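Undergrad: Okay, here's the structure, questions in a sec.
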Amino acid sequence: MIVITAPTGNIGRHLLPLLLESAPTLGEELRVIVRDPARLPEDVRERVEVITGSHGDPEVVDRAFDGADAVFWLVPPDSSLPPEDGYRGFTRPAAKALAVHGVGHVVGVSALGRGTPVAGRAGLVTASFAMDDLLAGTGAAYRALANPSFFENLLEEAGSIRDQGFFTDCVDPGRRAPMVAVADIAAVAAGLLLHRSWTGNADVPVLGPRDLSPDDLARIMTEQFGRPVRYVRQSLDEVHATLVGYGLDASFVQGIVDMKRAKDDGLDAGVTRTPATATPTTFEEWCARTLKPAVLS
């Protein structure tokens, strides 16, 4: 029995079809935790056991983890809470339920940067490391998917790319760092969940095929869209003021700012890409398939 949290999210909606394709031949049953089962396609609801509710609810995870052999764990960002509460606090009921029910394996969505000089001052990323430590202490074998920034973050910039020809971030325009497609993260997670010969606790870096800078992204988008796209670097103060203006929790905003500062200071540069840590989807492929339709629609 494999339990999937956040099955309708960015990663979960790629992960669930992979598990549905392979689980039956391996004798695995699937159980999902979802707030609104109607968000699952009807044919999916017929093939999985559905637990309705939030996976931050002690009663929900107690029911969901009963009889489970493996869990895919993803904490949905909550901009109304400080990062520590949003990650470790949200995960605490699940950690208790994992131990009570003796779940053997957990795959969690986390971040790159553990062990780097900026790991302790990286905002949301630092909070995700505390979540990892909590899960690693449950007695389950734990694998933290150590992810860099997602290609999909650029979908939030589709409007400004379309209407004004630019996208924004806070890092140096020439700083190259790993980036990854969420579909590749889902594929790595599926492999770990379906083939559970691993033991102990470890990070699993998921690095994409090559490092990219904002200037690289702008060049590729310009080529893909047939129109100029440029990168505009924002200051951390500008980002802070904008997010506070949206009414987000002040600690959460500071967590985003600290994360962005840490990324510009090399947070994602601590792992060497190897065949084991690289994933296949290029930015060019993702841009043509996903971002271009969003920008040019």
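Quick note on naming: the chains in the structure tokens go A, B, ... in the order shown, residues restart at 1 in each chain, and ligands are numbered from 1 in order of appearance.
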Which neighbours of range 218-228 of chain A fall inside 10 Å, counting only C-alpha atoms, when residues of the same chain fewer than 2 positions from it are skipped, and could you give them as a ChimeraX atom specification?
TA: /A:161-162,164-167,173,213-216,230-232,283-285,287-288,291-293,295-296
Undergrad: To test your reading of the structure, identify every residue in range 97-297 of chain A that backbone DSSP assigns to strand (DSSP E or B), and report it as a VMD selection string.
TA: chain A and resid 105 to 111 141 to 147 149 to 150 166 to 169 177 to 180 201 to 205 211 to 212 230 to 233
Undergrad: Pull C-alpha atoms from the residues just selected and write them as a PDB file, in the first residue's frame.
TA:
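This is the output file result_20.pdb:
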```
ATOM      1  CA  HIS A 105       9.392   3.991   3.628  1.00  0.00           C
ATOM      2  CA  VAL A 106       8.745   7.707   3.068  1.00  0.00           C
ATOM      3  CA  VAL A 107       9.669   9.871   0.074  1.00  0.00           C
ATOM      4  CA  GLY A 108       9.435  13.594   0.800  1.00  0.00           C
ATOM      5  CA  VAL A 109       9.657  16.705  -1.354  1.00  0.00           C
ATOM      6  CA  SER A 110      12.444  18.930  -0.064  1.00  0.00           C
ATOM      7  CA  ALA A 111      15.184  21.192  -1.400  1.00  0.00           C
ATOM      8  CA  ALA A 141      13.544   4.781   5.792  1.00  0.00           C
ATOM      9  CA  TYR A 142      13.443   8.306   4.377  1.00  0.00           C
ATOM     10  CA  ARG A 143      14.462   9.838   1.071  1.00  0.00           C
ATOM     11  CA  ALA A 144      14.337  13.619   0.730  1.00  0.00           C
ATOM     12  CA  LEU A 145      13.988  14.720  -2.888  1.00  0.00           C
ATOM     13  CA  ALA A 146      16.482  17.582  -2.906  1.00  0.00           C
ATOM     14  CA  ASN A 147      15.112  19.885  -5.582  1.00  0.00           C
ATOM     15  CA  SER A 149      13.972  25.748  -8.545  1.00  0.00           C
ATOM     16  CA  PHE A 150      11.236  24.392 -10.808  1.00  0.00           C
ATOM     17  CA  PHE A 166      10.253  40.231 -19.376  1.00  0.00           C
ATOM     18  CA  PHE A 167      10.383  37.979 -16.311  1.00  0.00           C
ATOM     19  CA  THR A 168      11.826  38.724 -12.891  1.00  0.00           C
ATOM     20  CA  ASP A 169      13.845  37.182 -10.092  1.00  0.00           C
ATOM     21  CA  ALA A 177      22.138  26.844 -11.199  1.00  0.00           C
ATOM     22  CA  PRO A 178      20.204  23.598 -11.631  1.00  0.00           C
ATOM     23  CA  MET A 179      16.540  23.744 -12.573  1.00  0.00           C
ATOM     24  CA  VAL A 180      14.085  20.873 -12.980  1.00  0.00           C
ATOM     25  CA  ASN A 201      17.991   8.211   5.453  1.00  0.00           C
ATOM     26  CA  ALA A 202      19.457  10.179   2.554  1.00  0.00           C
ATOM     27  CA  ASP A 203      18.959  13.085   0.165  1.00  0.00           C
ATOM     28  CA  VAL A 204      18.209  12.332  -3.489  1.00  0.00           C
ATOM     29  CA  PRO A 205      19.261  15.334  -5.608  1.00  0.00           C
ATOM     30  CA  ASP A 211      22.627  24.457 -15.071  1.00  0.00           C
ATOM     31  CA  LEU A 212      20.919  27.592 -16.396  1.00  0.00           C
ATOM     32  CA  ARG A 230      14.565  39.765 -21.167  1.00  0.00           C
ATOM     33  CA  TYR A 231      15.370  39.214 -17.529  1.00  0.00           C
ATOM     34  CA  VAL A 232      14.766  42.003 -15.009  1.00  0.00           C
ATOM     35  CA  ARG A 233      16.530  41.611 -11.695  1.00  0.00           C
TER      36      ARG A 233
END
```
Undergrad: Which residue out of A:Thr282, A:Thr126, A:Thr290, A:Ser160 has the minimum interatomic distance to Lys260 in chain A when only C-alpha atoms are used?
TA: A:Thr126
Undergrad: Find the residue from A:Arg175, A:Arg121, A:Arg210, A:Arg196 that sits nearest to Arg261 in chain A; use only C-alpha atoms when measuring.
TA: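 Looking at the shortest contact to Arg261 in chain A, the residue is A:Arg121.
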Undergrad: To one decimal place, how far is CA of Val100 in chain A from CA of Asp133 in chain A in Å?
TA: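 Separation of CA of Val100 in chain A and CA of Asp133 in chain A: 17.5 Å.
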